[in-house]
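Data block for run-v2.cif (mmCIF, C-alpha atoms):
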```cif
data_structure
#
loop_
_atom_site.label_atom_id
_atom_site.label_comp_id
_atom_site.auth_asym_id
_atom_site.auth_seq_id
_atom_site.Cartn_x
_atom_site.Cartn_y
_atom_site.Cartn_z
CA MET A 24 -55.30 21.67 54.09
CA VAL A 25 -52.53 19.22 53.33
CA THR A 26 -53.30 16.71 50.64
CA ALA A 27 -51.90 13.27 51.26
CA THR A 28 -49.94 11.75 48.48
CA THR A 29 -49.36 8.12 47.73
CA ASP A 30 -46.05 8.78 46.02
CA GLY A 31 -43.47 6.77 47.86
CA PRO A 32 -39.92 5.69 47.13
CA ARG A 33 -39.46 4.16 43.72
CA PRO A 34 -38.87 0.40 43.53
CA VAL A 35 -35.27 -0.55 44.05
CA ARG A 36 -34.94 -2.18 40.65
CA HIS A 37 -35.82 1.14 38.96
CA GLN A 38 -33.48 3.27 41.05
CA ALA A 39 -30.67 1.50 39.26
CA TYR A 40 -31.44 3.34 36.06
CA GLU A 41 -30.49 6.72 37.43
CA GLY A 42 -27.15 7.50 35.79
CA TRP A 43 -27.00 4.12 34.06
CA VAL A 44 -26.29 5.25 30.52
CA TRP A 45 -22.51 5.05 30.22
CA SER A 46 -22.22 1.90 32.31
CA ALA A 47 -24.84 0.20 30.15
CA VAL A 48 -23.23 1.44 26.93
CA LEU A 49 -19.78 0.19 27.93
CA ALA A 50 -21.14 -3.19 29.00
CA ALA A 51 -23.17 -3.64 25.82
CA ALA A 52 -20.35 -2.43 23.56
CA SER A 53 -17.81 -4.69 25.28
CA ALA A 54 -20.11 -7.71 25.04
CA CYS A 55 -20.87 -7.02 21.37
CA GLY A 56 -17.21 -6.50 20.47
CA GLY A 57 -16.25 -9.60 22.41
CA GLN A 58 -18.71 -11.89 20.65
CA LEU A 59 -17.70 -10.43 17.29
CA ALA A 60 -14.06 -11.17 18.13
CA VAL A 61 -14.90 -14.79 18.96
CA LEU A 62 -16.91 -15.17 15.73
CA LEU A 63 -14.05 -13.65 13.77
CA ALA A 64 -11.63 -16.10 15.37
CA VAL A 65 -13.88 -19.02 14.42
CA PHE A 66 -14.05 -17.76 10.84
CA ALA A 67 -10.29 -17.23 10.66
CA LEU A 68 -9.35 -20.62 12.13
CA LEU A 69 -12.10 -22.76 10.63
CA PRO A 70 -10.57 -25.40 8.34
CA ALA A 71 -11.03 -24.65 4.66
CA ARG A 72 -13.66 -26.89 3.07
CA GLU A 73 -12.83 -25.84 -0.46
CA GLU A 74 -9.66 -25.47 -2.50
CA THR A 75 -7.63 -22.36 -1.60
CA TYR A 76 -4.69 -22.94 -3.99
CA TYR A 77 -2.31 -22.23 -1.12
CA ALA A 78 -3.68 -18.69 -0.78
CA PRO A 79 -3.10 -17.14 2.67
CA GLY A 80 -6.02 -17.95 4.93
CA PRO A 81 -8.18 -15.37 6.70
CA ALA A 82 -6.10 -15.79 9.88
CA ILE A 83 -3.11 -14.18 8.13
CA GLY A 84 -5.24 -11.23 7.09
CA VAL A 85 -6.55 -10.78 10.63
CA LEU A 86 -3.02 -10.77 12.07
CA VAL A 87 -1.71 -8.35 9.46
CA MET A 88 -4.64 -5.99 9.93
CA PHE A 89 -4.92 -6.47 13.69
CA PRO A 90 -4.95 -2.75 14.66
CA CYS A 91 -7.64 -2.05 12.07
CA VAL A 92 -9.61 -5.14 13.12
CA LEU A 93 -9.44 -4.08 16.79
CA LEU A 94 -10.62 -0.57 15.95
CA ALA A 95 -13.46 -1.99 13.83
CA LEU A 96 -14.59 -4.22 16.71
CA VAL A 97 -14.63 -1.27 19.12
CA LEU A 98 -16.58 0.94 16.71
CA ALA A 99 -19.02 -1.86 15.91
CA GLY A 100 -19.58 -2.51 19.61
CA PHE A 101 -20.38 1.12 20.40
CA ALA A 102 -22.54 1.49 17.27
CA HIS A 103 -24.59 -1.54 18.30
CA ALA A 104 -24.85 -0.33 21.89
CA TRP A 105 -26.27 3.06 20.90
CA ALA A 106 -28.40 1.82 18.00
CA LEU A 107 -29.96 -1.29 19.56
CA ALA A 108 -28.92 -2.28 23.07
CA LEU A 109 -29.57 1.12 24.63
CA PRO A 110 -32.99 1.63 22.99
CA ALA A 111 -33.98 -1.92 23.97
CA LEU A 112 -32.98 -1.23 27.56
CA ALA A 113 -34.92 2.05 27.61
CA LEU A 114 -38.02 0.36 26.20
CA GLY A 115 -37.63 -2.46 28.69
CA ARG A 116 -37.41 0.04 31.52
CA ALA A 117 -40.58 1.79 30.40
CA ALA A 118 -42.50 -1.47 30.03
CA ALA A 119 -41.27 -2.79 33.37
CA ARG A 120 -42.44 0.36 35.14
CA ARG A 121 -45.96 -0.19 33.84
CA ALA A 122 -46.14 -3.94 34.31
CA GLY A 123 -43.98 -4.25 37.41
CA ASP A 124 -42.04 -7.10 35.86
CA PRO A 125 -38.24 -7.49 35.72
CA VAL A 126 -36.57 -5.37 33.07
CA LEU A 127 -34.61 -8.21 31.43
CA GLY A 128 -37.57 -9.92 29.80
CA TRP A 129 -38.97 -6.69 28.45
CA ALA A 130 -35.58 -5.52 27.19
CA LEU A 131 -34.98 -8.77 25.34
CA ALA A 132 -38.49 -8.61 23.89
CA ALA A 133 -37.86 -5.05 22.74
CA THR A 134 -34.90 -6.20 20.64
CA VAL A 135 -37.27 -8.04 18.27
CA PRO A 136 -39.12 -5.00 16.83
CA LEU A 137 -35.88 -3.01 16.77
CA ALA A 138 -34.11 -5.83 14.95
CA ALA A 139 -37.06 -6.13 12.56
CA GLY A 140 -36.66 -2.47 11.65
CA TYR A 141 -32.94 -2.82 10.97
CA ALA A 142 -33.54 -6.02 9.01
CA LEU A 143 -36.08 -4.18 6.87
CA ALA A 144 -33.55 -1.40 6.25
CA ALA A 145 -30.96 -4.00 5.23
CA ARG A 146 -33.52 -5.56 2.89
CA LEU A 147 -34.29 -2.24 1.21
CA LEU A 148 -30.68 -1.05 0.95
CA THR A 149 -28.79 -4.26 0.14
CA GLY A 150 -31.42 -6.84 -0.79
CA THR A 151 -30.54 -9.07 2.18
CA PRO A 152 -33.36 -11.56 2.95
CA TRP A 153 -35.42 -10.11 5.78
CA LEU A 154 -35.93 -13.18 8.00
CA PRO A 155 -32.26 -14.30 8.16
CA ALA A 156 -31.24 -10.70 8.86
CA LEU A 157 -33.82 -10.48 11.63
CA LEU A 158 -32.61 -13.69 13.24
CA TRP A 159 -28.95 -12.64 13.05
CA ILE A 160 -29.56 -9.16 14.45
CA ALA A 161 -31.92 -10.27 17.21
CA GLY A 162 -29.77 -13.26 18.16
CA GLY A 163 -26.59 -11.20 18.16
CA SER A 164 -28.24 -8.56 20.35
CA ALA A 165 -29.19 -10.90 23.18
CA LEU A 166 -25.78 -10.91 24.87
CA PRO A 167 -25.17 -7.12 24.68
CA VAL A 168 -28.67 -6.40 26.04
CA LEU A 169 -28.15 -8.96 28.79
CA ALA A 170 -24.81 -7.33 29.65
CA ALA A 171 -26.42 -3.89 29.88
CA VAL A 172 -29.28 -5.12 32.06
CA TRP A 173 -26.91 -7.03 34.35
CA THR A 174 -24.71 -3.96 34.78
CA VAL A 175 -27.56 -1.70 35.88
CA HIS A 176 -28.95 -4.53 38.01
CA ARG A 177 -25.67 -4.52 39.95
CA ARG A 178 -26.14 -0.79 40.50
CA ALA A 179 -29.52 -1.53 42.06
CA ARG A 180 -27.79 -3.85 44.49
CA GLY A 181 -25.27 -1.19 45.38
CA ARG A 182 -22.39 -2.99 43.65
CA LEU A 183 -21.17 -0.12 41.54
CA ALA A 184 -18.38 -0.91 39.11
CA SER A 185 -16.05 1.57 37.46
CA HIS A 186 -16.04 1.87 33.71
CA TRP A 187 -12.57 0.31 33.58
CA ARG A 188 -13.78 -2.65 35.58
CA ILE A 189 -16.74 -3.21 33.26
CA VAL A 190 -14.47 -3.21 30.21
CA GLY A 191 -11.90 -5.37 32.01
CA GLU A 192 -14.43 -8.01 32.97
CA TRP A 193 -15.71 -8.37 29.42
CA THR A 194 -12.19 -8.35 28.05
CA LEU A 195 -11.33 -11.32 30.27
CA LEU A 196 -14.49 -13.12 29.15
CA THR A 197 -13.57 -12.44 25.53
CA LEU A 198 -10.04 -13.78 26.02
CA GLY A 199 -11.51 -16.89 27.60
CA GLY A 200 -13.81 -17.36 24.62
CA LEU A 201 -10.92 -16.86 22.20
CA ALA A 202 -8.88 -19.47 24.08
CA LEU A 203 -11.69 -22.00 23.68
CA VAL A 204 -11.99 -21.49 19.91
CA PRO A 205 -8.87 -23.47 18.84
CA LEU A 206 -9.69 -26.16 21.40
CA ALA A 207 -13.23 -26.53 20.03
CA LEU A 208 -11.98 -26.57 16.43
CA TRP A 209 -9.32 -29.17 17.29
CA PHE A 210 -11.98 -31.36 18.89
CA GLY A 211 -14.24 -30.94 15.85
CA THR A 212 -11.53 -31.87 13.34
CA SER A 213 -10.17 -34.77 15.41
CA THR A 214 -13.63 -36.31 15.75
CA GLY A 215 -14.47 -35.78 12.09
CA HIS A 216 -17.30 -33.31 12.70
CA LEU A 217 -15.32 -30.56 10.97
CA ALA A 218 -13.95 -31.89 7.71
CA SER A 219 -11.17 -29.94 6.02
CA TYR A 220 -10.40 -29.93 2.33
CA ARG A 221 -8.04 -32.60 1.02
CA PRO A 222 -6.67 -32.48 -2.53
CA PRO A 223 -7.56 -35.46 -4.74
CA GLU A 224 -5.21 -38.38 -5.17
CA ILE A 225 -4.50 -38.50 -8.89
CA GLY A 226 -2.30 -41.28 -10.23
CA ARG A 227 -0.14 -41.14 -13.34
CA ALA A 228 -2.71 -42.88 -15.51
CA GLU A 229 -5.39 -40.45 -14.41
CA ALA A 230 -3.13 -37.48 -15.15
CA VAL A 231 -2.83 -38.44 -18.81
CA GLY A 232 -5.09 -36.26 -20.92
CA THR A 233 -5.76 -32.66 -21.87
CA TRP A 234 -5.75 -29.91 -19.27
CA ARG A 235 -7.15 -26.53 -20.28
CA ASP A 236 -7.85 -23.21 -18.55
CA GLU A 237 -11.29 -21.61 -18.40
CA ASP A 238 -10.67 -19.41 -21.44
CA GLY A 239 -9.22 -22.24 -23.49
CA ASP A 240 -5.96 -20.36 -24.15
CA THR A 241 -3.56 -22.36 -21.99
CA VAL A 242 -3.36 -26.06 -22.78
CA ILE A 243 -1.17 -28.87 -21.42
CA ARG A 244 -1.65 -32.25 -23.09
CA LEU A 245 0.03 -35.02 -21.12
CA ARG A 246 0.63 -38.18 -23.15
CA ALA A 247 1.14 -41.67 -21.77
CA ASP A 248 4.62 -41.91 -23.36
CA GLY A 249 5.88 -39.06 -21.15
CA THR A 250 5.73 -36.27 -23.71
CA ALA A 251 3.81 -33.07 -23.06
CA PHE A 252 2.32 -30.68 -25.60
CA LEU A 253 2.28 -27.08 -24.34
CA SER A 254 0.26 -24.21 -25.75
CA ASP A 255 0.49 -20.73 -24.22
CA VAL A 256 1.72 -22.16 -20.91
CA PRO A 257 2.86 -19.44 -18.45
CA HIS A 258 6.24 -19.33 -16.74
CA GLU A 259 8.41 -16.73 -15.07
CA GLY A 260 10.30 -14.50 -17.49
CA GLY A 261 13.81 -13.21 -17.26
CA GLU A 262 12.84 -9.99 -15.52
CA PHE A 263 11.69 -9.61 -11.94
CA PHE A 264 8.28 -11.23 -11.45
CA THR A 265 7.33 -11.11 -15.12
CA THR A 266 5.33 -13.76 -16.95
CA THR A 267 6.00 -15.15 -20.41
CA PHE A 268 4.32 -17.98 -22.29
CA CYS A 269 5.68 -21.13 -23.89
CA ASP A 270 4.60 -23.34 -26.79
CA GLY A 271 6.01 -26.63 -27.99
CA THR A 272 6.59 -30.22 -26.94
CA GLY A 273 8.43 -31.22 -23.79
CA THR A 274 8.29 -34.01 -21.25
CA TRP A 275 6.47 -34.60 -18.00
CA ALA A 276 6.67 -36.81 -14.92
CA HIS A 277 4.18 -37.67 -12.20
CA ASP A 278 5.04 -36.56 -8.64
CA ALA A 279 3.17 -38.58 -6.02
CA GLY A 280 4.02 -36.14 -3.23
CA ASP A 281 4.55 -37.12 0.39
CA GLY A 282 3.29 -35.91 3.74
CA ASP A 283 2.13 -32.30 3.44
CA ARG A 284 3.60 -31.95 -0.05
CA ARG A 285 0.94 -32.17 -2.73
CA ALA A 286 0.99 -34.54 -5.65
CA GLY A 287 1.24 -33.09 -9.12
CA VAL A 288 3.16 -33.24 -12.37
CA THR A 289 6.54 -31.79 -13.31
CA VAL A 290 6.60 -30.38 -16.82
CA ASP A 291 9.95 -29.90 -18.59
CA ALA A 292 9.32 -27.35 -21.31
CA PRO A 293 10.89 -27.30 -24.79
CA PRO A 294 14.52 -26.06 -24.90
CA GLY A 295 13.50 -22.83 -26.60
CA CYS A 296 11.44 -21.76 -23.57
CA GLY A 297 14.40 -21.76 -21.17
CA ALA A 298 14.95 -23.46 -17.84
CA ALA A 299 12.52 -21.09 -16.11
CA ALA A 300 9.67 -22.75 -18.01
CA ASP A 301 10.22 -26.05 -16.19
CA ARG A 302 7.43 -26.04 -13.68
CA SER A 303 5.61 -28.24 -11.16
CA TRP A 304 1.84 -28.14 -11.47
CA LEU A 305 -0.08 -29.33 -8.41
CA PHE A 306 -3.33 -31.27 -8.28
CA ALA A 307 -6.43 -29.53 -6.92
CA GLY A 308 -10.21 -29.70 -7.26
CA THR A 309 -11.89 -33.03 -6.63
CA LYS A 310 -11.52 -36.61 -7.80
CA GLU A 311 -14.45 -36.13 -10.15
CA LYS A 312 -13.27 -32.72 -11.41
CA PRO A 313 -9.49 -32.64 -11.04
CA GLU A 314 -7.43 -29.50 -11.61
CA LEU A 315 -3.82 -28.50 -12.05
CA PHE A 316 -2.66 -25.14 -10.72
CA VAL A 317 0.47 -23.04 -10.43
CA VAL A 318 1.30 -19.58 -9.06
CA ILE A 319 3.61 -17.46 -11.23
CA GLY A 320 5.47 -14.44 -9.92
CA ASP A 321 5.53 -13.05 -6.40
CA PRO A 322 4.79 -15.95 -4.01
CA ASP A 323 2.68 -13.63 -1.83
CA ALA A 324 0.73 -12.02 -4.66
CA GLY A 325 1.41 -14.00 -7.80
CA GLU A 326 -0.81 -14.86 -10.72
CA LEU A 327 -2.85 -18.02 -10.25
CA TYR A 328 -3.35 -20.31 -13.24
CA VAL A 329 -5.81 -23.18 -13.01
CA LEU A 330 -6.25 -25.92 -15.63
CA ARG A 331 -9.15 -28.35 -15.62
CA LYS A 332 -9.03 -31.80 -17.14
CA GLN A 333 -11.12 -32.16 -20.25
CA GLU A 334 -13.43 -35.07 -20.85
CA PRO A 335 -11.98 -37.50 -23.44
#
```
Could you render the structure as structure tokens?
Amino acid sequence: MVTATTDGPRPVRHQAYEGWVWSAVLAAASACGGQLAVLLAVFALLPAREETYYAPGPAIGVLVMFPCVLLALVLAGFAHAWALALPALALGRAAARRAGDPVLGWALAATVPLAAGYALAARLLTGTPWLPALLWIAGGSALPVLAAVWTVHRRARGRLASHWRIVGEWTLLTLGGLALVPLALWFGTSTGHLASYRPPEIGRAEAVGTWRDEDGDTVIRLRADGTAFLSDVPHEGGEFFTTTFCDGTGTWAHDAGDGDRRAGVTVDAPPGCGAAADRSWLFAGTKEKPELFVVIGDPDAGELYVLRKQEP
């Protein structure tokens, strides 16, 4: 006797998941790496909102370390794909088989408990607040999971794509996003929505007073008659990129600056300190808490000295 069976062909949307692993991983990894690259570009190009003392911005570091940054993005993309996007897709597939609903909704829903677990691990290991970590992980996982689901959905429709094509498509999308970053930042700064740091405008009368470093060792006292009292003030020594210190009484002059050149004061040190002790100190900080700073030594990696004006 032949027993009839009700097993028929599987729904088309589930056939797509046969042999889907590498296509889904590549799509999720490419999407994750691409969005990280765009976020990194925003961070690198975002106007500084605080004083940087002319230090190289993050964009310089990204360019210098570009091969390492690119490798880190690739590794981060694949790590996220295997650790979160792929499990979310597998859970979504299992739930969709039972409920008969589209996989996308279930896969996105599955990212929440997975992200909660990783956020808890981050809380226990690093002390990161759980809720912000959850929101960042879950929000950052939406695009990679969507990319993985869309890739296997195309397989269900018979539109198979090679691995190179999957990576190429997401690379083009990433390049498009990177091209929009400077345009968006330019629009934000030109409309005033993104304010960049501007050094304070300090006049000569406001510069008169005592300027001291955080430790209280270095002191420059600017007097209204144009004389300057110096105590342990740094300047470049006679040898290559060495620093020596000067004491005594010299003169000073206010430099109003122009264009992109900052305002500051030019201090002419006592004769015994040598010509190398003559130095321009630039204004920094804010109008309420003004500062004077100078970089001694190697311009790319010199020693930063910051003096803050003391209350009278």
Q. Applied to this file, what does the PyMOL selection byres ((chain A and resi 128-141) around 7) return in terms of residues, put as a PyMOL selection string?
A. chain A and resi 107+111-112+114-115+118-119+125-127+142-145+157+160-161+165+168
What would the file look like if the residues just selected were written as a short mmCIF file (atom, residue, chain, number, x, y, z; two decimals), keeping the file's coordinate frame with C-alpha atoms?
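Output file out.cif follows:
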```cif
data_model
loop_
_atom_site.label_atom_id
_atom_site.label_comp_id
_atom_site.auth_asym_id
_atom_site.auth_seq_id
_atom_site.Cartn_x
_atom_site.Cartn_y
_atom_site.Cartn_z
CA LEU A 107 -29.96 -1.29 19.56
CA ALA A 111 -33.98 -1.92 23.97
CA LEU A 112 -32.98 -1.23 27.56
CA LEU A 114 -38.02 0.36 26.20
CA GLY A 115 -37.63 -2.46 28.69
CA ALA A 118 -42.50 -1.47 30.03
CA ALA A 119 -41.27 -2.79 33.37
CA PRO A 125 -38.24 -7.49 35.72
CA VAL A 126 -36.57 -5.37 33.07
CA LEU A 127 -34.61 -8.21 31.43
CA ALA A 142 -33.54 -6.02 9.01
CA LEU A 143 -36.08 -4.18 6.87
CA ALA A 144 -33.55 -1.40 6.25
CA ALA A 145 -30.96 -4.00 5.23
CA LEU A 157 -33.82 -10.48 11.63
CA ILE A 160 -29.56 -9.16 14.45
CA ALA A 161 -31.92 -10.27 17.21
CA ALA A 165 -29.19 -10.90 23.18
CA VAL A 168 -28.67 -6.40 26.04
#
```
Q) Given the choices A:Ile225, A:Ala156, A:Leu96, A:Ile189, which gets closest to A:Leu62 if the distance is worked out from only C-alpha atoms? A)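 Comparing A:Ile225, A:Ala156, A:Leu96, A:Ile189 against A:Leu62, the winner is A:Leu96.
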Q: Could you tell me which of A:Cys91, A:Val288, A:Ala99, A:Ala171 comes closest to A:Trp45 if we count only C-alpha atoms?
A: A:Ala171
(Q) Since I can't run it myself right now, could you work out what the PyMOL selection byres ((chain A and resi 221) around 9) selects here and report it as a list of chain:residue names? (A)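 Going through the file, the PyMOL selection byres ((chain A and resi 221) around 9) ends up selecting A:Arg72, A:Glu73, A:Glu74, A:Ala218, A:Ser219, A:Tyr220, A:Pro222, A:Pro223, A:Glu224, A:Ala307, A:Thr309.
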For the residues selected in the previous step, produce a file with C-alpha atoms as a tab-separated table (two decimals), in the frame of the given file.
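Result saved to out_35.tsv:
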```tsv
chain	number	residue	atom	x	y	z
A	72	ARG	CA	-13.66	-26.89	3.07
A	73	GLU	CA	-12.83	-25.84	-0.46
A	74	GLU	CA	-9.66	-25.47	-2.50
A	218	ALA	CA	-13.95	-31.89	7.71
A	219	SER	CA	-11.17	-29.94	6.02
A	220	TYR	CA	-10.40	-29.93	2.33
A	222	PRO	CA	-6.67	-32.48	-2.53
A	223	PRO	CA	-7.56	-35.46	-4.74
A	224	GLU	CA	-5.21	-38.38	-5.17
A	307	ALA	CA	-6.43	-29.53	-6.92
A	309	THR	CA	-11.89	-33.03	-6.63
```
(Q) When the PyMOL selection byres ((chain A and resi 104) around 12) is applied to the structure above, which residues does it catch, written out as a PyMOL selection string? (A) chain A and resi 44-56+97-103+105-113+134+163-171
Q | Between atom CA of A:Pro70 and atom CA of A:Ala230 - distance in Å to one decimal | A |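 Interatomic distance, atom CA of A:Ala230 to atom CA of A:Pro70: 27.4 Å.
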Contacts of A:Ile243 at 12 Å or less, counting only C-alpha atoms, minus same-chain residues fewer than 5 places along, as a PDB file with C-alpha atoms, in the coordinates of the input?
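Saved file result15.pdb follows:
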```pdb
ATOM      1  CA  ALA A 230      -3.130 -37.480 -15.150  1.00  0.00           C
ATOM      2  CA  VAL A 231      -2.830 -38.440 -18.810  1.00  0.00           C
ATOM      3  CA  GLY A 232      -5.090 -36.260 -20.920  1.00  0.00           C
ATOM      4  CA  THR A 233      -5.760 -32.660 -21.870  1.00  0.00           C
ATOM      5  CA  TRP A 234      -5.750 -29.910 -19.270  1.00  0.00           C
ATOM      6  CA  ARG A 235      -7.150 -26.530 -20.280  1.00  0.00           C
ATOM      7  CA  ASP A 236      -7.850 -23.210 -18.550  1.00  0.00           C
ATOM      8  CA  THR A 250       5.730 -36.270 -23.710  1.00  0.00           C
ATOM      9  CA  ALA A 251       3.810 -33.070 -23.060  1.00  0.00           C
ATOM     10  CA  PHE A 252       2.320 -30.680 -25.600  1.00  0.00           C
ATOM     11  CA  LEU A 253       2.280 -27.080 -24.340  1.00  0.00           C
ATOM     12  CA  SER A 254       0.260 -24.210 -25.750  1.00  0.00           C
ATOM     13  CA  ASP A 255       0.490 -20.730 -24.220  1.00  0.00           C
ATOM     14  CA  VAL A 256       1.720 -22.160 -20.910  1.00  0.00           C
ATOM     15  CA  PRO A 257       2.860 -19.440 -18.450  1.00  0.00           C
ATOM     16  CA  CYS A 269       5.680 -21.130 -23.890  1.00  0.00           C
ATOM     17  CA  ASP A 270       4.600 -23.340 -26.790  1.00  0.00           C
ATOM     18  CA  GLY A 271       6.010 -26.630 -27.990  1.00  0.00           C
ATOM     19  CA  THR A 272       6.590 -30.220 -26.940  1.00  0.00           C
ATOM     20  CA  GLY A 273       8.430 -31.220 -23.790  1.00  0.00           C
ATOM     21  CA  THR A 274       8.290 -34.010 -21.250  1.00  0.00           C
ATOM     22  CA  TRP A 275       6.470 -34.600 -18.000  1.00  0.00           C
ATOM     23  CA  VAL A 288       3.160 -33.240 -12.370  1.00  0.00           C
ATOM     24  CA  THR A 289       6.540 -31.790 -13.310  1.00  0.00           C
ATOM     25  CA  VAL A 290       6.600 -30.380 -16.820  1.00  0.00           C
ATOM     26  CA  ASP A 291       9.950 -29.900 -18.590  1.00  0.00           C
ATOM     27  CA  ALA A 292       9.320 -27.350 -21.310  1.00  0.00           C
ATOM     28  CA  ARG A 302       7.430 -26.040 -13.680  1.00  0.00           C
ATOM     29  CA  TRP A 304       1.840 -28.140 -11.470  1.00  0.00           C
ATOM     30  CA  GLU A 314      -7.430 -29.500 -11.610  1.00  0.00           C
ATOM     31  CA  LEU A 315      -3.820 -28.500 -12.050  1.00  0.00           C
ATOM     32  CA  PHE A 316      -2.660 -25.140 -10.720  1.00  0.00           C
ATOM     33  CA  VAL A 329      -5.810 -23.180 -13.010  1.00  0.00           C
ATOM     34  CA  LEU A 330      -6.250 -25.920 -15.630  1.00  0.00           C
ATOM     35  CA  ARG A 331      -9.150 -28.350 -15.620  1.00  0.00           C
ATOM     36  CA  LYS A 332      -9.030 -31.800 -17.140  1.00  0.00           C
ATOM     37  CA  GLN A 333     -11.120 -32.160 -20.250  1.00  0.00           C
TER      38      GLN A 333
END
```
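Going from atom CA of A:Arg178 over to atom CA of A:Gly191, you cover 17.2 Å.
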Q: Find the distance between atom CA of A:Val61 and atom CA of A:Met88 and write it in Å to one decimal.
A: 16.3 Å
Q. Which of these, A:Gly280, A:His258, A:Arg120, A:Val65, has the shortest distance to A:Val318 once you count all atoms listed in the file?
A. A:His258
Q: Determine the nearest neighbour of A:Glu311 from the options A:Ala207, A:Arg116, A:Glu229, A:Leu198, counting all atoms listed in the file.
A: A:Glu229
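Between A:Arg227 and the residues A:Trp159, A:Phe306, A:Phe268, A:Phe210, the shortest atom-to-atom distance, using only C-alpha atoms, involves A:Phe306.
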